[in-house]
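Asker: Structure file final11.csv, CSV, C-alpha atoms and all ligand atoms, is pasted below:
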```csv
chain,number,residue,atom,x,y,z
A,1,MET,CA,-20.9,3.7,27.6
A,2,ILE,CA,-24.3,3.0,26.0
A,3,ASP,CA,-26.1,5.1,28.7
A,4,ALA,CA,-23.7,8.0,28.2
A,5,LEU,CA,-24.2,7.8,24.4
A,6,ASN,CA,-28.0,7.8,24.8
A,7,ARG,CA,-27.7,10.8,27.1
A,8,LEU,CA,-25.5,12.6,24.6
A,9,PHE,CA,-27.9,11.8,21.8
A,10,ARG,CA,-31.0,13.0,23.7
A,11,SER,CA,-29.3,16.2,25.0
A,12,THR,CA,-28.1,17.1,21.5
A,13,PHE,CA,-30.9,16.0,19.2
A,14,ASP,CA,-34.0,15.6,21.6
A,15,GLY,CA,-35.6,12.1,21.9
A,16,PRO,CA,-34.0,8.7,21.5
A,17,PRO,CA,-31.9,7.3,18.5
A,18,ASP,CA,-33.5,4.8,16.1
A,19,LEU,CA,-30.5,2.5,16.4
A,20,ILE,CA,-26.9,2.1,17.7
A,21,ALA,CA,-24.1,0.5,15.7
A,22,ARG,CA,-20.8,-0.6,17.2
A,23,ALA,CA,-17.5,-1.3,15.5
A,24,PRO,CA,-14.3,-2.6,17.2
A,25,GLY,CA,-10.8,-1.4,17.1
A,26,ARG,CA,-8.1,-3.9,16.1
A,27,VAL,CA,-4.7,-5.1,17.0
A,28,ASN,CA,-2.5,-6.7,14.4
A,29,LEU,CA,-0.7,-9.7,15.7
A,30,ILE,CA,1.7,-9.9,12.8
A,31,GLY,CA,1.9,-8.8,9.1
A,32,GLY,CA,3.0,-5.1,9.3
A,33,HIS,CA,2.6,-3.1,6.1
A,34,THR,CA,1.9,-6.1,4.1
A,35,ASP,CA,-1.8,-5.2,3.4
A,36,TYR,CA,-1.2,-2.6,0.7
A,37,ASN,CA,1.3,-5.0,-0.9
A,38,ASP,CA,-1.6,-7.5,-1.5
A,39,GLY,CA,-0.1,-9.6,1.2
A,40,PHE,CA,-1.2,-11.4,4.4
A,41,VAL,CA,-2.1,-9.9,7.8
A,42,LEU,CA,-3.3,-11.5,11.1
A,43,PRO,CA,-5.3,-9.0,13.1
A,44,ALA,CA,-7.9,-9.5,15.8
A,45,ALA,CA,-10.7,-7.2,16.8
A,46,ILE,CA,-10.6,-5.9,20.4
A,47,SER,CA,-13.1,-5.0,23.1
A,48,ARG,CA,-12.3,-1.2,22.7
A,49,GLN,CA,-14.8,0.2,20.2
A,50,THR,CA,-16.7,3.1,18.7
A,51,LEU,CA,-20.5,3.4,19.0
A,52,ALA,CA,-22.7,5.5,16.7
A,53,ALA,CA,-26.3,6.2,17.8
A,54,ALA,CA,-28.4,7.4,14.8
A,55,ARG,CA,-31.9,8.6,13.9
A,56,ARG,CA,-33.4,9.2,10.6
A,57,ARG,CA,-34.2,12.8,9.6
A,58,ASP,CA,-36.9,14.0,7.2
A,59,ASP,CA,-34.4,16.2,5.3
A,60,ARG,CA,-31.0,15.5,3.7
A,61,GLU,CA,-28.8,16.9,6.5
A,62,ILE,CA,-26.3,14.8,8.4
A,63,ARG,CA,-25.7,16.2,11.9
A,64,LEU,CA,-22.9,14.9,14.0
A,65,VAL,CA,-21.8,15.2,17.6
A,66,ALA,CA,-18.6,13.6,19.0
A,67,GLY,CA,-18.7,12.7,22.6
A,68,ASP,CA,-15.0,12.0,22.9
A,69,LEU,CA,-14.1,15.4,21.5
A,70,GLY,CA,-15.8,17.7,23.9
A,71,ASN,CA,-19.1,17.2,22.2
A,72,ALA,CA,-17.8,18.9,19.0
A,73,GLN,CA,-20.6,19.3,16.4
A,74,THR,CA,-20.7,19.6,12.7
A,75,ARG,CA,-23.1,19.0,9.8
A,76,PHE,CA,-23.2,18.5,6.1
A,77,SER,CA,-25.8,18.0,3.4
A,78,LEU,CA,-26.4,14.9,1.2
A,79,ALA,CA,-28.0,17.1,-1.4
A,80,GLU,CA,-24.7,18.8,-2.2
A,81,PRO,CA,-21.3,17.3,-3.2
A,82,ILE,CA,-19.7,16.0,0.0
A,83,VAL,CA,-16.2,17.4,0.6
A,84,SER,CA,-13.7,17.1,3.4
A,85,ASP,CA,-13.6,19.6,6.2
A,86,GLN,CA,-10.5,21.1,7.8
A,87,ARG,CA,-12.3,22.5,10.9
A,88,GLU,CA,-13.6,19.2,12.2
A,89,PRO,CA,-11.3,16.7,10.6
A,90,TRP,CA,-12.7,13.8,12.6
A,91,SER,CA,-15.9,14.3,10.5
A,92,ASN,CA,-14.1,13.4,7.3
A,93,TYR,CA,-14.3,9.7,8.0
A,94,VAL,CA,-18.1,10.0,8.3
A,95,ARG,CA,-18.3,12.3,5.3
A,96,GLY,CA,-16.3,9.8,3.3
A,97,MET,CA,-18.6,6.9,4.4
A,98,ALA,CA,-21.8,8.9,3.4
A,99,ASP,CA,-20.2,9.8,0.1
A,100,GLY,CA,-19.2,6.2,-0.6
A,101,LEU,CA,-22.6,4.7,0.4
A,102,LEU,CA,-24.4,7.2,-1.9
A,103,GLY,CA,-22.0,6.2,-4.7
A,104,ALA,CA,-22.9,2.5,-4.0
A,105,GLY,CA,-26.5,3.4,-4.7
A,106,LEU,CA,-27.9,3.5,-1.2
A,107,ASP,CA,-30.9,5.8,-0.7
A,108,LEU,CA,-29.4,7.5,2.4
A,109,PRO,CA,-31.8,9.7,4.4
A,110,GLY,CA,-30.5,12.6,6.5
A,111,ALA,CA,-29.5,11.6,10.0
A,112,ASP,CA,-28.6,12.8,13.5
A,113,ILE,CA,-25.6,10.8,14.8
A,114,ALA,CA,-23.9,10.8,18.2
A,115,ILE,CA,-20.5,9.1,18.4
A,116,MET,CA,-18.6,7.8,21.4
A,117,GLY,CA,-15.8,5.3,21.9
A,118,ASP,CA,-13.3,4.0,24.4
A,119,MET,CA,-10.3,3.7,22.2
A,120,PRO,CA,-7.1,5.3,23.5
A,121,GLN,CA,-6.0,8.1,21.1
A,122,GLY,CA,-2.7,7.7,19.2
A,123,ALA,CA,-2.3,4.1,20.2
A,124,GLY,CA,-2.5,2.8,16.6
A,125,LEU,CA,-5.5,0.6,17.4
A,126,SER,CA,-7.5,2.0,14.4
A,127,SER,CA,-10.0,4.3,16.0
A,128,SER,CA,-10.5,5.8,12.5
A,129,ALA,CA,-11.5,2.5,11.0
A,130,ALA,CA,-13.9,1.8,13.9
A,131,LEU,CA,-15.4,5.3,13.3
A,132,GLU,CA,-15.9,4.6,9.6
A,133,ILE,CA,-17.4,1.1,10.1
A,134,ALA,CA,-19.7,2.2,13.0
A,135,THR,CA,-21.1,5.2,11.2
A,136,GLY,CA,-21.2,3.4,7.8
A,137,LEU,CA,-23.2,0.6,9.4
A,138,ALA,CA,-25.6,3.0,11.1
A,139,LEU,CA,-26.1,4.9,7.9
A,140,SER,CA,-26.7,1.8,5.8
A,141,ALA,CA,-29.2,0.5,8.4
A,142,LEU,CA,-31.1,3.8,8.3
A,143,ALA,CA,-31.2,3.4,4.5
A,144,GLY,CA,-33.0,0.1,5.0
A,145,GLU,CA,-29.8,-2.0,4.3
A,146,PRO,CA,-28.7,-3.4,7.7
A,147,HIS,CA,-27.0,-6.3,6.0
A,148,PHE,CA,-25.1,-4.2,3.5
A,149,ASP,CA,-22.1,-6.3,2.5
A,150,ARG,CA,-19.4,-6.1,5.2
A,151,THR,CA,-16.5,-6.3,2.7
A,152,LYS,CA,-17.9,-3.5,0.7
A,153,LEU,CA,-18.4,-1.5,3.8
A,154,ALA,CA,-14.7,-2.0,4.6
A,155,GLN,CA,-13.7,-0.9,1.1
A,156,LEU,CA,-15.7,2.2,1.5
A,157,GLY,CA,-13.9,2.9,4.8
A,158,GLN,CA,-10.6,2.5,3.0
A,159,ARG,CA,-11.8,4.9,0.3
A,160,ALA,CA,-12.8,7.4,2.9
A,161,GLU,CA,-9.2,7.3,4.3
A,162,HIS,CA,-7.8,7.8,0.8
A,163,GLN,CA,-10.1,10.5,-0.5
A,164,PHE,CA,-11.2,12.3,2.6
A,165,ALA,CA,-8.4,11.9,5.2
A,166,GLY,CA,-5.4,11.7,3.0
A,167,CYS,CA,-4.0,8.4,4.2
A,168,ASN,CA,-3.3,5.8,1.5
A,169,CYS,CA,-3.9,2.9,3.9
A,170,GLY,CA,-4.5,-0.7,3.1
A,171,ILE,CA,-7.7,-2.7,3.8
A,172,MET,CA,-6.7,-4.5,7.1
A,173,ASP,CA,-8.2,-2.2,9.7
A,174,GLN,CA,-11.6,-1.7,8.1
A,175,LEU,CA,-11.9,-5.4,7.1
A,176,VAL,CA,-11.2,-6.8,10.5
A,177,SER,CA,-13.5,-4.2,12.2
A,178,ALA,CA,-16.3,-5.2,9.8
A,179,ARG,CA,-15.8,-8.9,9.7
A,180,ALA,CA,-14.0,-10.2,12.8
A,181,VAL,CA,-15.1,-13.4,14.5
A,182,ALA,CA,-15.1,-13.6,18.4
A,183,GLY,CA,-12.3,-15.8,19.7
A,184,ALA,CA,-10.3,-15.7,16.5
A,185,ALA,CA,-7.8,-13.6,14.6
A,186,LEU,CA,-8.4,-13.2,10.9
A,187,LEU,CA,-5.9,-14.4,8.4
A,188,ILE,CA,-6.6,-11.9,5.6
A,189,ASP,CA,-5.4,-12.4,2.1
A,190,CYS,CA,-5.4,-8.7,1.1
A,191,ARG,CA,-5.5,-9.6,-2.6
A,192,SER,CA,-8.6,-11.8,-2.7
A,193,LEU,CA,-10.0,-10.3,0.6
A,194,ASP,CA,-10.6,-13.9,1.8
A,195,ALA,CA,-10.6,-13.8,5.6
A,196,GLN,CA,-10.1,-17.0,7.5
A,197,PRO,CA,-10.7,-17.1,11.2
A,198,ILE,CA,-7.7,-18.5,13.1
A,199,SER,CA,-8.8,-19.4,16.6
A,200,ILE,CA,-6.7,-18.3,19.5
A,201,PRO,CA,-6.6,-20.9,22.3
A,202,ASP,CA,-8.4,-19.8,25.5
A,203,ASP,CA,-5.3,-19.8,27.6
A,204,VAL,CA,-3.4,-17.4,25.3
A,205,VAL,CA,-4.1,-13.7,25.9
A,206,ILE,CA,-3.4,-10.7,23.8
A,207,MET,CA,-1.6,-8.0,25.8
A,208,ILE,CA,-1.5,-4.5,24.3
A,209,VAL,CA,0.8,-1.9,25.9
A,210,HIS,CA,0.5,1.7,24.8
A,211,SER,CA,4.0,3.2,24.7
A,212,GLY,CA,2.6,6.6,25.3
A,213,VAL,CA,4.4,7.9,22.2
A,214,GLU,CA,1.4,9.1,20.2
A,215,ARG,CA,1.2,8.5,16.5
A,216,GLU,CA,0.9,12.0,15.1
A,217,LEU,CA,1.2,13.5,11.7
A,218,VAL,CA,2.5,10.2,10.4
A,219,ASP,CA,0.4,10.0,7.2
A,220,GLY,CA,3.2,11.5,5.2
A,221,ALA,CA,5.7,8.9,6.4
A,222,TYR,CA,3.1,6.1,5.8
A,223,ASN,CA,2.4,7.3,2.2
A,224,ASP,CA,6.2,7.4,1.6
A,225,ARG,CA,6.6,3.8,2.7
A,226,ARG,CA,3.8,2.7,0.5
A,227,ALA,CA,5.3,4.6,-2.5
A,228,GLN,CA,8.7,2.9,-1.9
A,229,CYS,CA,7.0,-0.6,-1.8
A,230,GLU,CA,5.2,0.2,-5.1
A,231,ALA,CA,8.4,1.4,-6.7
A,232,ALA,CA,10.1,-1.9,-5.7
A,233,ALA,CA,7.3,-4.0,-7.1
A,234,GLU,CA,7.5,-2.0,-10.4
A,235,HIS,CA,11.3,-2.4,-10.5
A,236,TYR,CA,10.9,-6.2,-10.2
A,237,GLY,CA,8.1,-6.3,-12.7
A,238,VAL,CA,5.4,-7.7,-10.4
A,239,LYS,CA,1.9,-6.4,-9.7
A,240,ALA,CA,2.7,-6.2,-5.9
A,241,LEU,CA,5.4,-7.4,-3.5
A,242,ARG,CA,3.1,-10.2,-2.6
A,243,ASP,CA,4.1,-11.8,-5.9
A,244,LEU,CA,7.8,-12.3,-4.7
A,245,ALA,CA,8.4,-15.4,-2.6
A,246,GLU,CA,12.1,-14.7,-2.2
A,247,VAL,CA,14.0,-11.5,-1.6
A,248,PRO,CA,15.6,-10.6,-5.0
A,249,GLU,CA,19.0,-9.1,-5.5
A,250,GLN,CA,19.0,-5.4,-5.0
A,251,GLY,CA,20.3,-4.7,-8.5
A,252,LYS,CA,19.8,-1.1,-9.4
A,253,LEU,CA,16.9,-0.6,-7.0
A,254,ASP,CA,17.2,2.3,-4.6
A,255,PRO,CA,18.6,0.8,-1.3
A,256,LEU,CA,15.8,2.1,0.8
A,257,ALA,CA,13.1,0.7,-1.5
A,258,TRP,CA,15.0,-2.7,-1.4
A,259,LYS,CA,15.0,-2.7,2.4
A,260,ARG,CA,11.2,-1.9,2.5
A,261,ALA,CA,10.7,-4.8,0.0
A,262,ARG,CA,12.8,-7.2,2.1
A,263,HIS,CA,10.6,-6.4,5.1
A,264,VAL,CA,7.4,-7.0,3.2
A,265,ILE,CA,8.5,-10.2,1.5
A,266,THR,CA,9.8,-11.8,4.7
A,267,GLU,CA,6.9,-10.5,6.7
A,268,ASN,CA,4.4,-12.3,4.5
A,269,ALA,CA,6.1,-15.6,5.1
A,270,ARG,CA,6.2,-15.0,8.9
A,271,THR,CA,2.5,-14.1,8.9
A,272,LEU,CA,1.5,-17.4,7.1
A,273,GLU,CA,3.7,-19.4,9.5
A,274,ALA,CA,2.3,-17.6,12.5
A,275,ALA,CA,-1.2,-18.3,11.4
A,276,SER,CA,-0.4,-22.0,11.2
A,277,MET,CA,1.2,-22.0,14.7
A,278,LEU,CA,-1.4,-20.0,16.6
A,279,PRO,CA,-4.1,-22.8,16.9
A,280,LEU,CA,-1.4,-25.3,17.8
A,281,ARG,CA,-0.4,-23.0,20.7
A,282,THR,CA,3.3,-23.1,19.6
A,283,LEU,CA,4.1,-20.0,21.6
A,284,SER,CA,7.9,-20.3,21.5
A,285,ARG,CA,7.9,-20.3,17.7
A,286,LEU,CA,5.3,-17.5,17.6
A,287,GLY,CA,7.6,-15.6,19.9
A,288,GLU,CA,10.5,-16.0,17.5
A,289,LEU,CA,8.4,-14.9,14.5
A,290,MET,CA,7.2,-11.8,16.4
A,291,ALA,CA,10.8,-10.9,17.4
A,292,GLU,CA,11.9,-11.3,13.8
A,293,SER,CA,9.0,-9.2,12.6
A,294,HIS,CA,9.9,-6.4,15.0
A,295,ALA,CA,13.6,-6.5,14.0
A,296,SER,CA,12.6,-6.3,10.4
A,297,THR,CA,10.3,-3.4,11.1
A,298,ARG,CA,13.1,-1.6,13.0
A,299,THR,CA,15.9,-2.1,10.6
A,300,ASP,CA,14.3,-2.5,7.2
A,301,PHE,CA,11.0,-0.7,7.4
A,302,GLN,CA,12.3,1.9,9.8
A,303,ASN,CA,9.0,2.9,11.3
A,304,SER,CA,9.6,2.1,14.9
A,305,VAL,CA,10.8,4.5,17.6
A,306,PRO,CA,13.4,3.9,20.4
A,307,ALA,CA,10.8,3.9,23.2
A,308,ILE,CA,8.9,1.1,21.4
A,309,ASP,CA,12.1,-0.9,20.7
A,310,ASP,CA,12.9,-0.7,24.5
A,311,LEU,CA,9.4,-1.8,25.3
A,312,VAL,CA,9.4,-4.7,22.9
A,313,ALA,CA,12.8,-5.8,24.3
A,314,LEU,CA,11.6,-5.6,27.9
A,315,ILE,CA,8.4,-7.6,27.2
A,316,HIS,CA,10.4,-10.1,25.2
A,317,ASP,CA,12.8,-10.8,28.1
A,318,ALA,CA,9.9,-11.1,30.6
A,319,ILE,CA,8.0,-13.5,28.4
A,320,GLY,CA,10.8,-15.8,27.5
A,321,SER,CA,9.4,-18.8,25.6
A,322,ASP,CA,5.8,-18.1,26.8
A,323,GLY,CA,4.9,-15.9,23.8
A,324,GLY,CA,6.2,-12.9,21.9
A,325,ALA,CA,5.9,-9.2,21.3
A,326,ARG,CA,6.2,-6.6,18.5
A,327,MET,CA,5.2,-3.2,17.5
A,328,THR,CA,1.6,-3.1,16.1
A,329,GLY,CA,-0.1,-0.7,13.7
A,330,GLY,CA,1.2,1.8,11.3
A,331,GLY,CA,4.3,2.7,13.4
A,332,PHE,CA,6.1,5.8,14.6
A,333,GLY,CA,4.7,5.4,18.1
A,334,GLY,CA,1.6,3.7,19.3
A,335,ALA,CA,1.4,0.3,20.9
A,336,VAL,CA,3.2,-3.0,21.3
A,337,VAL,CA,1.2,-6.3,21.0
A,338,ALA,CA,2.2,-9.4,22.9
A,339,LEU,CA,0.8,-12.9,22.8
A,340,VAL,CA,1.2,-14.4,26.3
A,341,ASP,CA,0.5,-17.7,27.9
A,342,LYS,CA,-2.1,-17.1,30.6
A,343,GLY,CA,0.1,-18.6,33.2
A,344,ALA,CA,2.9,-16.0,32.5
A,345,LEU,CA,0.6,-13.0,32.2
A,346,ASP,CA,0.9,-11.8,35.8
A,347,ARG,CA,4.7,-11.9,35.7
A,348,VAL,CA,4.9,-10.1,32.4
A,349,GLN,CA,2.4,-7.5,33.3
A,350,LYS,CA,4.1,-6.7,36.6
A,351,THR,CA,7.5,-6.3,34.8
A,352,VAL,CA,6.0,-3.9,32.3
A,353,LEU,CA,4.3,-1.8,34.9
A,354,LYS,CA,7.4,-1.7,37.0
A,355,ARG,CA,10.0,-1.1,34.4
A,356,TYR,CA,8.5,0.9,31.5
A,357,ARG,CA,7.6,4.6,31.7
A,358,THR,CA,5.9,6.7,29.0
A,359,PRO,CA,7.6,9.9,27.8
A,360,SER,CA,5.6,11.8,30.5
A,361,GLY,CA,7.0,9.5,33.2
A,362,ALA,CA,3.8,7.5,33.9
A,363,PRO,CA,3.3,3.7,33.9
A,364,PRO,CA,1.9,2.6,30.6
A,365,LEU,CA,-1.7,1.7,29.7
A,366,VAL,CA,-1.9,-2.1,29.6
A,367,MET,CA,-4.9,-3.8,27.9
A,368,ILE,CA,-5.6,-7.5,28.3
A,369,GLU,CA,-7.8,-8.7,25.4
A,370,ARG,CA,-9.5,-11.7,23.9
A,371,PRO,CA,-10.6,-11.4,20.2
A,372,ALA,CA,-13.9,-9.6,19.8
A,373,SER,CA,-16.5,-9.9,17.1
A,374,GLY,CA,-16.9,-7.5,14.2
A,375,ALA,CA,-19.3,-4.7,13.7
A,376,SER,CA,-22.9,-5.1,14.7
A,377,LEU,CA,-26.2,-3.3,15.4
A,378,LEU,CA,-27.1,-3.4,19.0
B,1,LIG,C1,-2.2,1.2,9.4
B,1,LIG,C2,-3.0,1.1,8.1
B,1,LIG,C3,-3.2,-0.4,7.7
B,1,LIG,C4,-1.8,-1.1,7.7
B,1,LIG,C5,-1.0,-0.8,9.0
B,1,LIG,C6,0.4,-1.4,8.9
B,1,LIG,O1,-2.9,0.7,10.4
B,1,LIG,O2,-4.2,1.7,8.2
B,1,LIG,O3,-3.8,-0.4,6.4
B,1,LIG,O4,-1.1,-0.8,6.6
B,1,LIG,O5,-0.9,0.6,9.2
B,1,LIG,O6,0.3,-2.8,8.9
```
Show me, as structure tokens, the structure contained in the file I just sent.
Answerer:
Amino acid sequence: MIDALNRLFRSTFDGPPDLIARAPGRVNLIGGHTDYNDGFVLPAAISRQTLAAARRRDDREIRLVAGDLGNAQTRFSLAEPIVSDQREPWSNYVRGMADGLLGAGLDLPGADIAIMGDMPQGAGLSSSAALEIATGLALSALAGEPHFDRTKLAQLGQRAEHQFAGCNCGIMDQLVSARAVAGAALLIDCRSLDAQPISIPDDVVIMIVHSGVERELVDGAYNDRRAQCEAAAEHYGVKALRDLAEVPEQGKLDPLAWKRARHVITENARTLEAASMLPLRTLSRLGELMAESHASTRTDFQNSVPAIDDLVALIHDAIGSDGGARMTGGGFGGAVVALVDKGALDRVQKTVLKRYRTPSGAPPLVMIERPASGASLL
């Protein structure tokens, strides 16, 4: 991919880039929709990633080319207020990062940037966070700040989503893309932003299966869920649902908001328990926690879809006590994540390829992963 990226850069902008930044996608093992409730998540970075090749310009223009989108090009100026763009919406993540870095006081120069990645679209593996972190890192390095604080970079990525892309997401995707540690998942406390590496034993693999149901136009449903959680927290008089250890009586709270809250409160507890089980390799208990997480997602949070439920059930049966599976990511399509004992992987993978078909009738894309490291300059 690096050769292809260099070729794209040279053919678009003439000459070589000054630097290349990479940022990984992520898969969340457990802790769905807990991040924006100040709760706990347990994601890992994956080998699929986004690369940004960049070179300083002498003016204040940012010029972009996207190799994955038919070499689409766009540009904007740092000398004028940066606004989102409807024609090339993918560029909004980069616009948001440039705007955020300027706001953080960096002396950003103009730049030519070529972008390329190998993340499957619509799989819910956070290609947008990887794009934010890769381009944010490239821009900060061009501004002479290659060690710009990674947590701050993640926060600017989240801000770009809120202000330039219209998704009121939490901090998980950006934080793990920026700060992941190879071989480990990160137990993130989304209130303090403390991120503790939780090592994943060598003989446990992460299997990701793309359902083929693409996540599309789901920001509205996502923002609705977030608003329901915030309404529930307000109803119970706490800052965030994180502050409730037990599921309270429904009382006068709207039934849907109560269900959303029940998911979040129980999910936080499951996430903490899973983080303590993972290094011990207690796969049967991890499998139970993942199954409970998926059931809660389906019935209380109501952001799964039938194809994903079928896929989770199928993987669950094939795995038995050798691991577990649940939907990962924002929901309404995308991928299923499974933790699988290496010895059972072949059996599970064969079952999935034989028995699951995407909506177009094809066998699913199966990715076998070990946790990757966070963003870096190559
Ligand atoms: C999306 C968001 C994250 C998180 C997950 C659900 O990936 O970007 O912040 O809320 O959904 O866990």
Asker: Using all atoms listed in the file for the distances, tell me which of A:Gln158, A:Ser91, A:Thr271, A:Thr12 is nearest to ligand LIG 1 (chain B).
Answerer: A:Gln158
Asker: Which is closest to A:Leu278 among A:Val209, A:Met119, A:Met290, A:Asn37, if we use all atoms listed in the file?
Answerer: A:Met290
Asker: Which one of A:Leu108, A:Leu102, A:Ile30, A:Ala274 sits closest to ligand LIG 1 (chain B) if you count all atoms listed in the file?
Answerer: A:Ile30
Asker: Wanna dump the chain A-ligand LIG 1 (chain B) contacts at 10 Å for me, each residue with its shortest atom pair and the distance in Å to one decimal, counting only C-alpha atoms and all ligand atoms, ordered by chain and number, as a tab-separated table?
Answerer:
```
residue	atom	partner	partner_atom	distance
A:Arg26	CA	B:LIG1	O1	9.0
A:Val27	CA	B:LIG1	O1	9.0
A:Asn28	CA	B:LIG1	O6	7.3
A:Leu29	CA	B:LIG1	O6	9.7
A:Ile30	CA	B:LIG1	O6	8.2
A:Gly31	CA	B:LIG1	O6	6.2
A:Gly32	CA	B:LIG1	O6	3.6
A:His33	CA	B:LIG1	O6	3.6
A:Thr34	CA	B:LIG1	O6	6.0
A:Asp35	CA	B:LIG1	O4	5.5
A:Tyr36	CA	B:LIG1	O4	6.2
A:Asn37	CA	B:LIG1	O4	8.9
A:Phe40	CA	B:LIG1	O6	9.8
A:Val41	CA	B:LIG1	O6	7.6
A:Leu42	CA	B:LIG1	O6	9.7
A:Pro43	CA	B:LIG1	O6	9.4
A:Gly124	CA	B:LIG1	O1	6.6
A:Leu125	CA	B:LIG1	O1	7.5
A:Ser126	CA	B:LIG1	O1	6.2
A:Ser127	CA	B:LIG1	O1	9.7
A:Ser128	CA	B:LIG1	O2	8.7
A:Ala129	CA	B:LIG1	O2	7.9
A:Gln158	CA	B:LIG1	O3	8.1
A:Glu161	CA	B:LIG1	O2	8.5
A:Cys167	CA	B:LIG1	O2	7.8
A:Asn168	CA	B:LIG1	O2	7.9
A:Cys169	CA	B:LIG1	O3	4.1
A:Gly170	CA	B:LIG1	O3	3.4
A:Ile171	CA	B:LIG1	O3	5.2
A:Met172	CA	B:LIG1	O3	5.1
A:Asp173	CA	B:LIG1	C3	5.7
A:Gln174	CA	B:LIG1	O3	8.1
A:Leu175	CA	B:LIG1	O3	9.5
A:Cys190	CA	B:LIG1	O3	10.0
A:Asp219	CA	B:LIG1	C1	9.4
A:Tyr222	CA	B:LIG1	O5	7.6
A:Asn223	CA	B:LIG1	O4	9.9
A:Arg225	CA	B:LIG1	O4	9.8
A:Arg226	CA	B:LIG1	O4	8.6
A:Asn303	CA	B:LIG1	C6	9.9
A:Met327	CA	B:LIG1	O6	9.9
A:Thr328	CA	B:LIG1	O6	7.3
A:Gly329	CA	B:LIG1	O1	4.5
A:Gly330	CA	B:LIG1	O5	3.2
A:Gly331	CA	B:LIG1	O5	7.0
```
Asker: Distance atom CA of A:Lys342-atom CA of A:Pro197, one decimal place?
Answerer: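 Interatomic distance, atom CA of A:Lys342 to atom CA of A:Pro197: 21.2 Å.
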Asker: May I have the residues within 9 Å of A:Ser304 as number ranges by chain, using all atoms listed in the file and disregarding those fewer than 4 positions away in the same chain?
Answerer: A: 294, 297-299, 308-309, 327, 331-333
Asker: For atom CA of A:Gly320 and atom CA of A:Arg48, quote the distance in Å rounded to one decimal.
Answerer: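 Interatomic distance, atom CA of A:Gly320 to atom CA of A:Arg48: 27.7 Å.
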Asker: Point out the residue among A:Ala104, A:Ile46, A:Cys229, A:Val340 with the least atom-to-atom distance to A:Lys259, counting all atoms listed in the file.
Answerer: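 Checking each of A:Ala104, A:Ile46, A:Cys229, A:Val340 against A:Lys259, counting all atoms listed in the file, the winner is A:Cys229.
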Asker: Could you check which of A:Gly166, A:Gly343, A:Pro306, A:Gly39 is closest to A:Asp322, using only C-alpha atoms?
Answerer: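 Closest to A:Asp322 of all the choices is A:Gly343.
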Asker: Out of A:Tyr356, A:Tyr236, A:Phe148, A:Phe164, which residue has the shortest atom-to-atom distance to A:Asp310 when counting only C-alpha atoms?
Answerer: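 Smallest distance to A:Asp310 is found for A:Tyr356.
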Asker: So which residues touch A:Met116 within 6 Å, counting only C-alpha atoms, skipping near sequence neighbours fewer than 5 positions away, as a VMD selection string?
Answerer: chain A and resid 50 to 51 67 to 68
Asker: What does the distance between atom CA of A:Arg55 and atom CA of A:Ala165 come to in Å, to one decimal place?
Answerer: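 Computing the Euclidean distance for atom CA of A:Arg55 and atom CA of A:Ala165 yields 25.3 Å.
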Asker: Which neighbours of A:Ala362 fall inside 12 Å, counting all atoms listed in the file, when residues of the same chain fewer than 6 positions from it are skipped, and could you give them as a list in words?
Answerer: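 Returned residues: His210, Ser211, Gly212, Val213, Val352, Leu353, Lys354, Arg355 and Tyr356 of chain A.
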